[in-house]
Amino acid sequence: MIVVIGILLVCSASILIIYRNPPDNPDELGSVTLYYDFDEMVLTSGTVWTSESRLDTLYYVTSRNNMRAVLSANYYCDIPLAMNTDTWELLGPVDIGEYSGVVSGSWVVNGYDCWICILQISGSANVSYDKDSGVLVEIGWTETGLERSVDLQEMIFKQPTLPPVKLEGVLLAGIFAEIAVIVWLHDNRSKRSG
């Protein structure tokens, strides 16, 4: 009888392993971390420029399929972190956050194949977005008293270390565990009455 109980418990544990989502399921929640190199010079007191340089780390919980939607709702330096670039074309108009612009070209920036957009501001501004993911790769911004440069250094997407178990697996594992308990209780009752 102990062998039967052991087999049932092994089946229960095995089902939890078998019924996991695929390891690289694009709908599964993971996280994306974006590392931006930020450099800015601001004119203060009329003639004195102050500068600031830093590496900014931005972290978001998302799935691969939902990453563009999550990032487009968030901004960095007043620019959306992601855009839907699927319909962009050379010299086409674009709206990027509160700014209007035009797609001026495409080239590789920091290893990302990007669309380059010129924004309509009082100075000059251009932004680059990765064609595949839609993620913001670069900002070049110059206006009176301000110069800003932002570059995406690295984008890391991490899946959870152990993919979650599907609901079917939990139910089947529970059934096998319940049968093991029933067999054990029945065996104990038989030993007491016998």
# chains A, B, ... in the order shown; residues from 1 in each chain; ligands from 1
call {"tool": "residues_around", "arguments": {"residues": "Ser53 (chain A)", "least_positions_apart": "6", "cutoff": "10 Å", "atoms": "only C-alpha atoms", "output": "number ranges by chain"}}
result
A: 37-41, 148-150
call {"tool": "write_last_selection", "arguments": {"atoms": "N, CA, C and O atoms", "output": "CSV table (one decimal), in the first residue's frame"}}
result
chain,number,residue,atom,x,y,z
A,37,ASP,N,22.2,56.2,-20.8
A,37,ASP,CA,23.3,57.1,-20.5
A,37,ASP,C,22.7,58.5,-20.7
A,37,ASP,O,22.3,58.9,-21.8
A,38,PHE,N,22.7,59.3,-19.6
A,38,PHE,CA,22.1,60.7,-19.7
A,38,PHE,C,23.1,61.7,-19.5
A,38,PHE,O,23.9,61.7,-18.5
A,39,ASP,N,23.2,62.7,-20.4
A,39,ASP,CA,24.1,63.8,-20.3
A,39,ASP,C,23.3,65.1,-20.6
A,39,ASP,O,22.6,65.2,-21.6
A,40,GLU,N,23.5,66.1,-19.7
A,40,GLU,CA,22.8,67.3,-19.9
A,40,GLU,C,23.6,68.5,-19.5
A,40,GLU,O,24.3,68.5,-18.5
A,41,MET,N,23.5,69.6,-20.3
A,41,MET,CA,24.2,70.9,-19.9
A,41,MET,C,23.1,71.9,-19.9
A,41,MET,O,22.3,72.1,-20.8
A,148,ARG,N,20.8,68.3,-24.3
A,148,ARG,CA,20.6,67.0,-23.6
A,148,ARG,C,20.9,65.8,-24.6
A,148,ARG,O,20.5,65.9,-25.8
A,149,SER,N,21.6,64.8,-24.2
A,149,SER,CA,21.9,63.7,-25.0
A,149,SER,C,21.5,62.4,-24.1
A,149,SER,O,22.0,62.3,-23.0
A,150,VAL,N,20.7,61.5,-24.7
A,150,VAL,CA,20.3,60.3,-24.0
A,150,VAL,C,20.6,59.1,-25.0
A,150,VAL,O,20.2,59.2,-26.1
call {"tool": "residues_around", "arguments": {"residues": "Leu81 (chain A)", "least_positions_apart": "2", "cutoff": "6 Å", "atoms": "only C-alpha atoms", "output": "list in words"}}
result
Leu71, Ser72, Asn74, Tyr75, Val135 and Leu136 of chain A
call {"tool": "atom_distance", "arguments": {"atom1": "CA of Tyr36 (chain A)", "atom2": "CA of Asn110 (chain A)"}}
result
11.3 Å
call {"tool": "closest_residue", "arguments": {"among": "A:Met83, A:Leu171, A:Val42, A:Val3", "to": "Gly145 (chain A)", "atoms": "only C-alpha atoms"}}
result
A:Val42
call {"tool": "select_by_dssp", "arguments": {"residues": "chain A", "states": "strand (DSSP E or B)", "output": "PyMOL selection string"}}
result
chain A and resi 20+30-44+48-62+75-76+79-80+82+93-96+99-109+112-119+124-130+135-143+146-158+165
call {"tool": "closest_residue", "arguments": {"among": "A:Trp49, A:Phe157, A:Tyr59, A:Trp115", "to": "Thr87 (chain A)", "atoms": "only C-alpha atoms"}}
result
A:Trp115
call {"tool": "select_by_dssp", "arguments": {"residues": "region 7-188 of chain A", "states": "alpha helix (DSSP H)", "output": "PyMOL selection string"}}
result
chain A and resi 7-18+67-72+167-188
call {"tool": "atom_distance", "arguments": {"atom1": "CA of Pro80 (chain A)", "atom2": "CA of Ile116 (chain A)"}}
result
14.4 Å
call {"tool": "atom_distance", "arguments": {"atom1": "CA of Glu154 (chain A)", "atom2": "CA of Thr33 (chain A)"}}
result
8.1 Å
call {"tool": "residues_around", "arguments": {"residues": "Ser133 (chain A)", "least_positions_apart": "4", "cutoff": "10 Å", "atoms": "only C-alpha atoms", "output": "PyMOL selection string"}}
result
chain A and resi 64-65+67-68+82-86+112-114+129
call {"tool": "closest_residue", "arguments": {"among": "A:Met155, A:Ser124, A:Trp88, A:Ser193", "to": "Gly111 (chain A)", "atoms": "only C-alpha atoms"}}
result
A:Met155
call {"tool": "residues_around", "arguments": {"residues": "Glu98 (chain A)", "least_positions_apart": "2", "cutoff": "10 Å", "atoms": "only C-alpha atoms", "output": "VMD selection string"}}
result
chain A and resid 78 to 80 95 to 96 100
call {"tool": "closest_residue", "arguments": {"among": "A:Val70, A:Val10, A:Val181, A:Val137", "to": "Val109 (chain A)", "atoms": "only C-alpha atoms"}}
result
A:Val137
